[in-house]
Every structure is written in C-alpha cells, then in structure tokens.
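Input: a single structure, listed below in structure tokens.
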Amino acid sequence: MKEGKAAVIREKASPLAVETVTFGAPQADEVLVRIVGTGVCHTDMVVRDQGYPVPLPLVAGHEGAGVVEAVGENVRNLAVGDHVVLAFGHCGACGNCKAGKPGYCVEFYDRNFKGARMDGSQAICDHGGHELGSAFFAQSSFGTYAIATERNAVKIRKDVPLEMMGPLGCGISTGAGAVLNALKPHAGASIAIFGAGSVGLSAVMAAAAIGCTTIIAVDLHDSRLDLARDLGATHVINGGSADAVEEIRKLTDGRGAEFTLECTGNAKVLVQAVEALSIPGMCGLIGAADMGVAASLDMNTLLFGRTVRGIIEGDSVPQVFISQLIELWRAGRFPFDRLIKFYPLDQINQAIEDSESGRVLKPIVRP
C-alpha cells in the first residue's frame with residue numbers, strides 16, 4: 001500500500017479534486033509506477049464532461065510516465081527501476097492484438113473506459129476508504145502513482161527526460177502514427193491536417209519527417225498556425241477567416257489533397273476534410289467526439305474512390321512505436337518538446353483550462 005495524491009473527477013463537468021489517496025499493490029500481471037509526469041489529453045476532458053460515460057468518481061490521466069517501483073509475480077519483461085511510458089490497455093490475446101493491431105482490441109472499450117480492472121476491482125481508495133475508478137486506460141495516472149499492466153507499460157531508454165515522455169503513450173503517438181502507420185503517404189505527397197493542437201501538430205511533424213512536400217495545417221488560432229509552420233507545415237489556413245476546402249484546392253492545383261486528417265472531433269470539420277480530398281484520396285478520422293455525434297457526407301463524394309477511415313491510437317504497437325518516436329526526437333526530426341508546458345499536480349485545473357482555451361498545446365502535470 002502507498003499513500004499519495006491523485007486528481008479525482010467526482011461530478012460531471014466539475015473541477016478535479018486533488019486528494020490524499022491510497023494505492024494498492026499490483027496484481028500478478030501489473031506494475032506499480034511512480035509517476036513523474038502525465039500529459040493532459042482532450043479525452044480526459046471528454047470523460048470529465050461524461051461525453052464518454054465512464055463511471056465516477058474516477059482518477060483520470062492516460063499519458064503517464066514514471067519509474068517502476070513494484071512488479072506482480074507474473075511480470076517477466078519489467079523490473080524495479082525501469083523507466084516506462086504508459087500506453088493504452090489491450091488484452092494481448094485477441095486476433096487483432098496478435099495481428100499487431102492492439103488499438104482495435106476486442107476488449108478495448110472495457111480495458112480503457114470501464115474505469116475498473118477487468119475483474120471489477122479497483123487499485124485506489126480515497127481518505128475515507130471508498131474505492132475510486134483506477135483503471136482509466138489501464139493506468140489512471142493523474143497522481144503520485146499508477147497501477148498499469150505489463151502490456152501497456154512500455155520500457156524506454158533511461159537517457160531521455162522521462163518527465164516529458166508521457167504524451168508519447170497517447171496524444172503524440174496518435175497524431176504521428178495516423179500519418180506514419182495508417183495513412184502512410186508517399187514522399188512528395190500532399191496532406192491537409194485539420195486541427196493544430198498537439199495531435200495535429202504531431203501529424204505535421206510526422207508528415208515532414210516522412211517526406212510530404214505539401215503539408216497544410218488548418219486551425220482557428222494564428223499562434224498554432226505559426227508554430228505549425230515552424231514544425232514543417234508548408235502552408236497554413238485559418239478556418240475562421242477562409243474557406244478551408246477552397247484554399248486547399250487552390251494550393252493543390254484544383255485537385256485536392258491526397259490525404260487529410262481530422263483531429264478536432266467536429267462533425268462539420270470532418271465533412272470539410274472529406275470534401276478537400278483529391279480523387280481518389282484518404283481521410284483519417286482521429287478526433288474524439290461525444291458518443292452519438294453524426295456527420296452527413298455526400299455519397300457521391302465517396303463514390304469516386306475517396307476513403308474515410310477511423311484511426312485509434314495511431315495504429316501503433318506501443319512497444320515498438322514509442323521507441324521509434326524517441327529516436328526521431330533524439331535525431332532532431334520530431335521536436336514534440338516544443339508543445340509542452342509543465343504544471344504541478346495541484347494546478348491541474350489550470351492546466352486543463354489552458355489546454356481547452358488553446359493557450360497551451362500539451363500540458364504535463366507532475367506530482
């Protein structure tokens with residue numbers, strides 16, 4: 001048992017409460033991780049507002065990084081002292097997991113949004129001894145410690161700054177992986193990325209790294225668009241003052257972009273991302289919308305060879321992809337550190353507010 005702090009969602013759409021809590025011991029296939037930094041992601045806010053109905057009270061946080069302090073009896077590939085990035089939960093046994101597609105695990109929803117271990121138990125109790133949801137994305141890392149499974153705790157090299165590596169477990173790898181693993185544009189390709197938050201800018205960096213020569217970033221914030229240029233975008237469009245589809249066609253000699261990526265979770269923006277495609281072309285959807293949100297597409301737009309596909313967690317195998325992104329960063333080709341601002345855990349609501357307002361791209365809270 002370990003005593004520490006955690007940020008708890010107690011009520012829908014309410015500020016998180018930083019409380020003294022008790023962390024239990026890891027089960028046989030689990031590890032106890034001392035958290036050094038956890039990224040704040042849009043999905044945390046969606047759950048806070050119950051766009052995804054994860055049971056409350058809950059300790060959220062799903063971009064944790066830290067040091068292994070204890071291991072369960074069946075853990076074989078991790079040891080005390082290892083540096084790890086915490087990714088998403090998956091079973092490791094279904095056909096999709098075995099095929100290298102853990103983001104499409106048949107148990108993905110339960111392992112990430114049930115709010116409890118698969119057996120229904122919890123690993124965190126509040127000061128009154130009441131159980132708190134402790135398995136959000138198989139980690140619940142907005143706290144001093146987190147309990148994760150061996151499968152979603154990814155060992156990384158020790159000579160990189162661990163406190164900034166957490167977002168590689170979800171948001172950063174989602175944007176980069178959507179380009180590198182899912183869309184796979186060829187060198188010289190054109191791509192338009194709708195939404196220049198941390199996920200979209202990760203996609204911009206990945207597109208530049210892979211050799212796309214027309215990289216168009218679309219957003220409503222000029223400051224984000226300026227940063228997009230610095231990170232590899234060849235063109236930027238403020239979607240609030242210009243018709244993004246029309247501008248993308250102008251920039252691609254009237255053809256449209258070969259690839260587009262929707263990173264906002266906005267149904268109208270998805271329609272724009274599809275309409276901005278060339279014939280044929282592929283649109284990747286990674287923006288998280290509330291359950292039940294629908295988008296209306298002209299069937300004839302799709303009839304001419306255009307494709308829309310959803311992308312979960314960047315189509316990545318975390319045990320492989322996180323290390324690849326670290327090596328790209330070390331080589332100076334994926335400067336995701338430029339997106340980050342650190343906050344102490346007791347300022348987590350300020351971090352969330354700054355993220356929602358667009359003032360900060362990727363807050364990281366540190367216990």
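Scheme for the structure tokens: letters A, B, ... for chains in order shown; per-chain residue numbers from 1; ligand numbers from 1 in order shown.
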Please tabulate, as a Markdown table, the residues of stretch 146-195 of chain A that come within 10 Å of stretch 205-215 of chain A, each with its closest pair of atoms and the distance in Å to one decimal, counting only C-alpha atoms and ordering rows by chain, then residue number upward.
```
| residue | atom | partner | partner_atom | distance |
| --- | --- | --- | --- | --- |
| A:Ser173 | CA | A:Ala206 | CA | 9.8 |
| A:Gly175 | CA | A:Ala206 | CA | 8.0 |
| A:Ala176 | CA | A:Ala206 | CA | 5.2 |
| A:Gly177 | CA | A:Ala206 | CA | 7.9 |
| A:Ala178 | CA | A:Ala206 | CA | 8.9 |
| A:Val179 | CA | A:Ala206 | CA | 6.4 |
| A:Leu180 | CA | A:Ala206 | CA | 6.6 |
| A:Lys184 | CA | A:Ile210 | CA | 8.6 |
| A:Pro185 | CA | A:Cys212 | CA | 7.1 |
| A:His186 | CA | A:Cys212 | CA | 7.0 |
| A:Ala187 | CA | A:Gly211 | CA | 4.5 |
| A:Gly188 | CA | A:Cys212 | CA | 4.7 |
| A:Ala189 | CA | A:Cys212 | CA | 4.8 |
| A:Ser190 | CA | A:Thr214 | CA | 4.5 |
| A:Ile191 | CA | A:Ile215 | CA | 5.2 |
| A:Ala192 | CA | A:Ile215 | CA | 5.9 |
| A:Ile193 | CA | A:Ile215 | CA | 7.6 |
```
Problem set entry | Contact residues around A:Ala294 with only C-alpha atoms at 12 Å, ignoring same-chain residues under 3 positions, as JSON, numbers by chain | {"A": [265, 266, 267, 268, 269, 270, 271, 289, 290, 291, 297]}
Expected file: the selected residues, C-alpha atoms, as an mmCIF file, in the first residue's frame:
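Final output, saved to selection_16.cif:
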```
data_model
loop_
_atom_site.group_PDB
_atom_site.id
_atom_site.type_symbol
_atom_site.label_atom_id
_atom_site.label_comp_id
_atom_site.auth_asym_id
_atom_site.auth_seq_id
_atom_site.Cartn_x
_atom_site.Cartn_y
_atom_site.Cartn_z
ATOM 1 C CA GLY A 265 -13.840 15.710 -33.294
ATOM 2 C CA ASN A 266 -16.114 18.223 -35.020
ATOM 3 C CA ALA A 267 -18.620 16.767 -37.493
ATOM 4 C CA LYS A 268 -18.553 19.818 -39.768
ATOM 5 C CA VAL A 269 -14.764 19.694 -39.913
ATOM 6 C CA LEU A 270 -14.887 16.021 -40.886
ATOM 7 C CA VAL A 271 -17.117 16.932 -43.828
ATOM 8 C CA ALA A 289 -16.430 13.331 -30.438
ATOM 9 C CA ASP A 290 -19.102 12.659 -27.833
ATOM 10 C CA MET A 291 -20.988 9.405 -28.261
ATOM 11 C CA LEU A 297 -21.451 13.061 -46.183
#
```
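Within the 6 Å cut-off around A:Val85, using only C-alpha atoms and omitting residues fewer than 6 positions from it on the same chain, the listed residues are A:Ala65, A:Ala153, A:Val154, A:Gly166.
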For this session: Mind the document's chain letters and residue numbers, and return as a PyMOL selection string the residues of stretch 45-285 of chain A that DSSP labels strand (DSSP E).
Result: chain A and resi 58-59+64-71+83-86+124-126+131-132+145-149+153-155+190-194+214-219+235-238+257-262+277-285
Residues of stretch 218-273 of chain A that approach stretch 323-337 of chain A to 12 Å or less, counting only C-alpha atoms: could you list each one with the shortest pair of atoms and its distance in Å to one decimal, rows by chain and increasing residue number, as CSV?
```
residue,atom,partner,partner_atom,distance
A:Leu227,CA,A:Phe336,CA,11.4
A:Ala228,CA,A:Phe336,CA,11.5
A:Asp230,CA,A:Pro335,CA,10.3
A:Leu231,CA,A:Pro335,CA,7.7
A:Gly232,CA,A:Phe334,CA,9.9
```
Exercise. What's the 10 Å shell around A:Thr301, counting only C-alpha atoms, without same-chain residues fewer than 6 positions away, as JSON, numbers by chain?
Worked result: {"A": [274, 275, 277, 279, 280, 307]}
For this session: Considering only C-alpha atoms, return as a ChimeraX atom specification whatever protein or nucleic-acid residues lie within 9 Å of stretch 353-358 of chain A, sequence-local ones (same chain, fewer than 3 positions apart) excluded.
Result: /A:40-42,45,197,221,224,348-350,361-363
Write a file of the just-selected residues containing N, CA and C atoms, as a compact mmCIF listing (two decimals), in the first residue's frame.
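out08.txt written:
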```
# COMPACT_ATOMS: atom_id res chain seq x y z
N VAL A 40 -1.91 15.97 -20.26
CA VAL A 40 -3.34 16.25 -20.25
C VAL A 40 -3.84 16.13 -21.68
N CYS A 41 -4.85 15.29 -21.88
CA CYS A 41 -5.35 14.99 -23.23
C CYS A 41 -6.83 15.37 -23.32
N HIS A 42 -7.28 15.67 -24.53
CA HIS A 42 -8.68 16.01 -24.77
C HIS A 42 -9.62 14.93 -24.25
N MET A 45 -10.84 15.33 -20.80
CA MET A 45 -11.89 16.34 -20.65
C MET A 45 -13.24 15.79 -21.13
N GLY A 197 -3.78 21.32 -32.78
CA GLY A 197 -3.43 21.09 -31.38
C GLY A 197 -2.25 20.15 -31.32
N HIS A 221 -6.59 29.24 -34.63
CA HIS A 221 -5.67 30.06 -33.82
C HIS A 221 -4.41 30.35 -34.63
N ARG A 224 -1.12 28.90 -33.24
CA ARG A 224 -0.89 27.48 -33.54
C ARG A 224 -0.42 27.32 -34.98
N ILE A 348 -3.75 21.27 -11.71
CA ILE A 348 -4.25 20.51 -12.86
C ILE A 348 -5.45 21.19 -13.51
N ASN A 349 -6.30 21.84 -12.74
CA ASN A 349 -7.45 22.50 -13.36
C ASN A 349 -7.01 23.69 -14.21
N GLN A 350 -5.95 24.37 -13.79
CA GLN A 350 -5.39 25.44 -14.62
C GLN A 350 -4.81 24.86 -15.90
N LEU A 361 -0.52 23.85 -25.68
CA LEU A 361 -0.81 22.71 -26.56
C LEU A 361 -0.79 21.38 -25.82
N LYS A 362 0.21 21.14 -25.00
CA LYS A 362 0.30 19.88 -24.30
C LYS A 362 0.79 20.12 -22.87
N PRO A 363 -0.16 20.33 -21.94
CA PRO A 363 0.23 20.43 -20.53
C PRO A 363 0.67 19.07 -20.01
```
